[in-house]
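*Asks:* Sharing final-v7.tsv (TSV, C-alpha atoms) below.
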```
chain	number	residue	atom	x	y	z
A	1	THR	CA	-11.16	22.45	14.85
A	2	LYS	CA	-14.27	21.08	13.20
A	3	ILE	CA	-12.43	19.74	10.16
A	4	LYS	CA	-9.85	18.02	12.38
A	5	ASN	CA	-12.62	16.30	14.36
A	6	VAL	CA	-14.32	15.10	11.19
A	7	LEU	CA	-11.03	13.74	9.81
A	8	GLU	CA	-10.16	12.00	13.07
A	9	LYS	CA	-13.52	10.22	13.05
A	10	ALA	CA	-13.17	9.25	9.41
A	11	LEU	CA	-9.56	8.12	9.68
A	12	ASP	CA	-9.25	5.57	12.42
A	13	ALA	CA	-6.09	4.27	14.06
A	14	ALA	CA	-5.40	2.04	11.06
A	15	TYR	CA	-4.67	4.97	8.78
A	16	GLU	CA	-1.12	5.67	9.98
A	17	PRO	CA	0.03	2.03	9.63
A	18	TYR	CA	-1.69	1.98	6.23
A	19	LEU	CA	0.31	4.99	5.09
A	20	ASP	CA	3.47	3.30	6.37
A	21	PHE	CA	2.61	0.19	4.36
A	22	VAL	CA	1.90	2.17	1.19
A	23	HIS	CA	5.15	4.11	1.59
A	24	ALA	CA	7.14	0.89	2.07
A	25	MET	CA	5.51	-0.67	-0.99
A	26	ARG	CA	6.06	2.41	-3.16
A	27	THR	CA	9.71	2.47	-2.13
A	28	ARG	CA	10.10	-1.25	-2.84
A	29	ILE	CA	8.42	-0.95	-6.24
A	30	LYS	CA	10.71	1.92	-7.18
A	31	GLU	CA	13.77	-0.08	-6.08
A	32	LYS	CA	12.77	-3.31	-7.83
A	33	GLU	CA	11.19	-2.13	-11.08
A	34	PRO	CA	13.32	-0.27	-13.63
A	35	SER	CA	10.50	0.32	-16.13
A	36	ALA	CA	8.53	3.52	-15.50
A	37	GLU	CA	5.52	2.04	-17.31
A	38	VAL	CA	5.48	-1.08	-15.14
A	39	ARG	CA	6.09	0.99	-11.98
A	40	GLY	CA	3.05	3.08	-12.82
A	41	ARG	CA	0.93	-0.02	-13.34
A	42	LEU	CA	2.15	-1.53	-10.06
A	43	LEU	CA	1.42	1.67	-8.14
A	44	LYS	CA	-2.13	1.73	-9.54
A	45	LYS	CA	-2.62	-1.91	-8.51
A	46	LEU	CA	-1.28	-1.06	-5.07
A	47	GLY	CA	-4.11	1.43	-4.71
A	48	THR	CA	-6.68	-1.32	-5.28
A	49	LEU	CA	-5.53	-3.47	-2.35
A	50	ASP	CA	-7.98	-3.62	0.56
A	51	VAL	CA	-5.24	-3.19	3.15
A	52	LEU	CA	-6.79	-0.24	5.02
A	53	ASN	CA	-10.02	-2.17	5.52
A	54	GLU	CA	-8.08	-5.24	6.68
A	55	MET	CA	-6.09	-3.08	9.11
A	56	SER	CA	-9.28	-1.49	10.44
A	57	LYS	CA	-10.72	-4.96	11.07
A	58	GLY	CA	-7.49	-6.16	12.67
A	59	ILE	CA	-7.03	-8.95	10.13
A	60	PHE	CA	-4.09	-7.57	8.15
A	61	ILE	CA	-0.91	-9.63	8.36
A	62	ALA	CA	2.20	-7.51	7.88
A	63	TRP	CA	4.14	-8.14	4.69
A	64	SER	CA	7.79	-9.08	4.87
A	65	PRO	CA	10.18	-7.77	2.21
A	66	GLU	CA	9.86	-11.20	0.58
A	67	ASP	CA	6.06	-10.86	0.54
A	68	MET	CA	6.41	-7.44	-1.08
A	69	ASP	CA	8.79	-8.82	-3.71
A	70	ALA	CA	6.45	-11.74	-4.43
A	71	TRP	CA	3.49	-9.36	-4.90
A	72	ILE	CA	5.57	-7.16	-7.23
A	73	ALA	CA	6.65	-10.19	-9.29
A	74	GLU	CA	3.06	-11.50	-9.54
A	75	GLN	CA	1.62	-8.11	-10.49
A	76	ARG	CA	4.28	-7.28	-13.10
A	77	VAL	CA	2.51	-9.51	-15.59
A	78	GLU	CA	-0.52	-7.81	-17.08
```
So that I can check it, write out the structure of this file as structure tokens.

*Replies:*
Amino acid sequence: TKIKNVLEKALDAAYEPYLDFVHAMRTRIKEKEPSAEVRGRLLKKLGTLDVLNEMSKGIFIAWSPEDMDAWIAEQRVE
């Protein structure tokens, strides 16, 4: 349909891997951070990452679990 065509043009092939990345990060944050307040802050910071743009440009380097943990540890501090 028309809406589907518009969405497909707007959301390129990078969108699915981006959603996978966000899901993995959200899961990791929930596993690693016991404080609901800090989890909320981390999830907001996650939304500010430019990962989708990097994926669209083909310059995103996949994060290992260790990379995810390092980002969480760095971002915990306000």

*Asks:* Edge lengths and centre in Å to one decimal, as lines of an AutoDock Vina configuration file, is what I'm after for the box along x, y and z that holds all listed atoms of segment 13-18 of chain A once 3 Å is added on each side.

*Replies:*
```
center_x = -3.0
center_y = 3.8
center_z = 10.1
size_x = 12.1
size_y = 9.7
size_z = 13.8
```

*Asks:* Using only C-alpha atoms, which residue out of A:Leu52, A:Ile59, A:Leu42, A:Val22 lies closest to Ile72 of chain A?

*Replies:* A:Leu42

*Asks:* Name all residues at most 12 Å from Trp71 of chain A (count only C-alpha atoms; drop same-chain ones fewer than 4 positions away) and give them as a list in words.

*Replies:*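 So, after excluding close chain neighbours, the residues are Met25, Arg28, Ile29, Lys32, Leu42, Leu43, Lys45, Leu46, Leu49, Trp63, Ser64, Pro65, Glu66, Asp67, Gln75, Arg76 and Val77 of chain A.
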
*Asks:* Which one is closest to Pro17 of chain A: A:Ile61, A:Met68, A:Met55, A:Ala73? Count all atoms listed in the file.

*Replies:*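 Smallest separation from Pro17 of chain A among the options: A:Met55.
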
*Asks:* Have a look at atom CA of Gly58 of chain A and atom CA of Ala14 of chain A and let me know their distance in Å, one decimal.

*Replies:*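 A separation of 8.6 Å between them.
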
*Asks:* So what do you get for atom CA of Thr1 of chain A versus atom CA of Tyr18 of chain A, distance-wise?

*Replies:*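 According to the coordinates, atom CA of Thr1 of chain A and atom CA of Tyr18 of chain A are separated by 24.1 Å.
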
*Asks:* I'd like the interatomic distance between atom CA of Lys57 of chain A and atom CA of Asp12 of chain A, to a tenth of an Å.

*Replies:*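 So the two atoms, atom CA of Lys57 of chain A and atom CA of Asp12 of chain A, lie 10.7 Å apart.
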
*Asks:* Go through A:Ala36, A:Asn5, A:Glu74, A:Tyr15 and flag the residue nearest Glu54 of chain A, using all atoms listed in the file for the distances.

*Replies:*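 Comparing A:Ala36, A:Asn5, A:Glu74, A:Tyr15 against Glu54 of chain A, the winner is A:Tyr15.
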
*Asks:* For Ala62 of chain A, which residue among A:Asp20, A:Glu33, A:Val6, A:Lys44 is the nearest when counting all atoms listed in the file?

*Replies:*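 Checking each of A:Asp20, A:Glu33, A:Val6, A:Lys44 against Ala62 of chain A, counting all atoms listed in the file, the winner is A:Asp20.
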
*Asks:* Just checking: using only C-alpha atoms, which residue out of A:Ser56, A:Asp50, A:Val38, A:Ala70 ends up closest to Glu16 of chain A?

*Replies:*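 Selected residue with least distance to Glu16 of chain A: A:Ser56.
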
*Asks:* Where atoms are absent from segment 32-43 of chain A, fill them in so it carries all heavy atoms, then output it as a PDB file, in the frame of the given file.

*Replies:*
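New file part_23.pdb:
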```pdb
ATOM      1  N   LYS A  32      12.751  -2.024  -7.135  1.00  0.00           N
ATOM      2  CA  LYS A  32      12.770  -3.310  -7.830  1.00  0.00           C
ATOM      3  C   LYS A  32      12.408  -3.223  -9.309  1.00  0.00           C
ATOM      4  O   LYS A  32      12.760  -4.121 -10.071  1.00  0.00           O
ATOM      5  CB  LYS A  32      11.788  -4.289  -7.154  1.00  0.00           C
ATOM      6  CG  LYS A  32      12.162  -4.634  -5.731  1.00  0.00           C
ATOM      7  CD  LYS A  32      13.391  -5.480  -5.697  1.00  0.00           C
ATOM      8  CE  LYS A  32      13.790  -5.848  -4.293  1.00  0.00           C
ATOM      9  NZ  LYS A  32      14.948  -6.715  -4.252  1.00  0.00           N
ATOM     10  N   GLU A  33      11.688  -2.182  -9.713  1.00  0.00           N
ATOM     11  CA  GLU A  33      11.190  -2.130 -11.080  1.00  0.00           C
ATOM     12  C   GLU A  33      11.820  -0.990 -11.865  1.00  0.00           C
ATOM     13  O   GLU A  33      11.549   0.177 -11.594  1.00  0.00           O
ATOM     14  CB  GLU A  33       9.657  -1.974 -11.081  1.00  0.00           C
ATOM     15  CG  GLU A  33       9.053  -1.971 -12.448  1.00  0.00           C
ATOM     16  CD  GLU A  33       9.496  -3.151 -13.304  1.00  0.00           C
ATOM     17  OE1 GLU A  33       9.347  -4.309 -12.865  1.00  0.00           O
ATOM     18  OE2 GLU A  33      10.022  -2.909 -14.403  1.00  0.00           O
ATOM     19  N   PRO A  34      12.663  -1.322 -12.856  1.00  0.00           N
ATOM     20  CA  PRO A  34      13.320  -0.270 -13.630  1.00  0.00           C
ATOM     21  C   PRO A  34      12.411   0.432 -14.645  1.00  0.00           C
ATOM     22  O   PRO A  34      12.644   1.585 -14.993  1.00  0.00           O
ATOM     23  CB  PRO A  34      14.454  -1.012 -14.345  1.00  0.00           C
ATOM     24  CG  PRO A  34      14.025  -2.433 -14.382  1.00  0.00           C
ATOM     25  CD  PRO A  34      13.143  -2.653 -13.187  1.00  0.00           C
ATOM     26  N   SER A  35      11.370  -0.241 -15.095  1.00  0.00           N
ATOM     27  CA  SER A  35      10.500   0.320 -16.130  1.00  0.00           C
ATOM     28  C   SER A  35       9.470   1.286 -15.519  1.00  0.00           C
ATOM     29  O   SER A  35       8.674   0.895 -14.663  1.00  0.00           O
ATOM     30  CB  SER A  35       9.749  -0.808 -16.850  1.00  0.00           C
ATOM     31  OG  SER A  35       8.675  -0.296 -17.599  1.00  0.00           O
ATOM     32  N   ALA A  36       9.484   2.520 -16.001  1.00  0.00           N
ATOM     33  CA  ALA A  36       8.530   3.520 -15.500  1.00  0.00           C
ATOM     34  C   ALA A  36       7.094   3.091 -15.792  1.00  0.00           C
ATOM     35  O   ALA A  36       6.200   3.292 -14.965  1.00  0.00           O
ATOM     36  CB  ALA A  36       8.815   4.882 -16.125  1.00  0.00           C
ATOM     37  N   GLU A  37       6.877   2.484 -16.942  1.00  0.00           N
ATOM     38  CA  GLU A  37       5.520   2.040 -17.310  1.00  0.00           C
ATOM     39  C   GLU A  37       5.019   0.971 -16.336  1.00  0.00           C
ATOM     40  O   GLU A  37       3.893   1.039 -15.844  1.00  0.00           O
ATOM     41  CB  GLU A  37       5.523   1.481 -18.733  1.00  0.00           C
ATOM     42  CG  GLU A  37       4.172   0.975 -19.175  1.00  0.00           C
ATOM     43  CD  GLU A  37       4.227   0.305 -20.542  1.00  0.00           C
ATOM     44  OE1 GLU A  37       5.159   0.591 -21.321  1.00  0.00           O
ATOM     45  OE2 GLU A  37       3.335  -0.513 -20.816  1.00  0.00           O
ATOM     46  N   VAL A  38       5.865   0.000 -16.057  1.00  0.00           N
ATOM     47  CA  VAL A  38       5.480  -1.080 -15.140  1.00  0.00           C
ATOM     48  C   VAL A  38       5.321  -0.533 -13.724  1.00  0.00           C
ATOM     49  O   VAL A  38       4.386  -0.896 -13.012  1.00  0.00           O
ATOM     50  CB  VAL A  38       6.492  -2.244 -15.194  1.00  0.00           C
ATOM     51  CG1 VAL A  38       6.152  -3.320 -14.163  1.00  0.00           C
ATOM     52  CG2 VAL A  38       6.538  -2.841 -16.591  1.00  0.00           C
ATOM     53  N   ARG A  39       6.217   0.362 -13.306  1.00  0.00           N
ATOM     54  CA  ARG A  39       6.090   0.990 -11.980  1.00  0.00           C
ATOM     55  C   ARG A  39       4.731   1.670 -11.845  1.00  0.00           C
ATOM     56  O   ARG A  39       4.053   1.518 -10.834  1.00  0.00           O
ATOM     57  CB  ARG A  39       7.192   2.012 -11.737  1.00  0.00           C
ATOM     58  CG  ARG A  39       8.480   1.439 -11.234  1.00  0.00           C
ATOM     59  CD  ARG A  39       9.415   2.498 -10.666  1.00  0.00           C
ATOM     60  NE  ARG A  39       9.546   3.683 -11.487  1.00  0.00           N
ATOM     61  CZ  ARG A  39      10.445   3.873 -12.443  1.00  0.00           C
ATOM     62  NH1 ARG A  39      11.307   2.914 -12.732  1.00  0.00           N
ATOM     63  NH2 ARG A  39      10.493   4.990 -13.120  1.00  0.00           N
ATOM     64  N   GLY A  40       4.343   2.407 -12.851  1.00  0.00           N
ATOM     65  CA  GLY A  40       3.050   3.080 -12.820  1.00  0.00           C
ATOM     66  C   GLY A  40       1.901   2.110 -12.677  1.00  0.00           C
ATOM     67  O   GLY A  40       0.968   2.326 -11.901  1.00  0.00           O
ATOM     68  N   ARG A  41       1.971   1.005 -13.425  1.00  0.00           N
ATOM     69  CA  ARG A  41       0.930  -0.020 -13.340  1.00  0.00           C
ATOM     70  C   ARG A  41       0.896  -0.647 -11.947  1.00  0.00           C
ATOM     71  O   ARG A  41      -0.175  -0.861 -11.366  1.00  0.00           O
ATOM     72  CB  ARG A  41       1.198  -1.079 -14.410  1.00  0.00           C
ATOM     73  CG  ARG A  41      -0.030  -1.575 -15.067  1.00  0.00           C
ATOM     74  CD  ARG A  41       0.166  -2.500 -16.238  1.00  0.00           C
ATOM     75  NE  ARG A  41       1.187  -3.522 -16.088  1.00  0.00           N
ATOM     76  CZ  ARG A  41       2.261  -3.619 -16.856  1.00  0.00           C
ATOM     77  NH1 ARG A  41       2.475  -2.753 -17.820  1.00  0.00           N
ATOM     78  NH2 ARG A  41       3.138  -4.581 -16.669  1.00  0.00           N
ATOM     79  N   LEU A  42       2.075  -0.935 -11.400  1.00  0.00           N
ATOM     80  CA  LEU A  42       2.150  -1.530 -10.060  1.00  0.00           C
ATOM     81  C   LEU A  42       1.587  -0.577  -9.004  1.00  0.00           C
ATOM     82  O   LEU A  42       0.870  -0.998  -8.089  1.00  0.00           O
ATOM     83  CB  LEU A  42       3.587  -1.904  -9.715  1.00  0.00           C
ATOM     84  CG  LEU A  42       4.178  -3.089 -10.480  1.00  0.00           C
ATOM     85  CD1 LEU A  42       5.674  -3.186 -10.233  1.00  0.00           C
ATOM     86  CD2 LEU A  42       3.482  -4.378 -10.105  1.00  0.00           C
ATOM     87  N   LEU A  43       1.912   0.696  -9.120  1.00  0.00           N
ATOM     88  CA  LEU A  43       1.420   1.670  -8.140  1.00  0.00           C
ATOM     89  C   LEU A  43      -0.096   1.796  -8.216  1.00  0.00           C
ATOM     90  O   LEU A  43      -0.768   1.939  -7.183  1.00  0.00           O
ATOM     91  CB  LEU A  43       2.101   3.022  -8.347  1.00  0.00           C
ATOM     92  CG  LEU A  43       3.600   3.026  -8.015  1.00  0.00           C
ATOM     93  CD1 LEU A  43       4.235   4.335  -8.456  1.00  0.00           C
ATOM     94  CD2 LEU A  43       3.839   2.763  -6.539  1.00  0.00           C
TER      95      LEU A  43
END
```
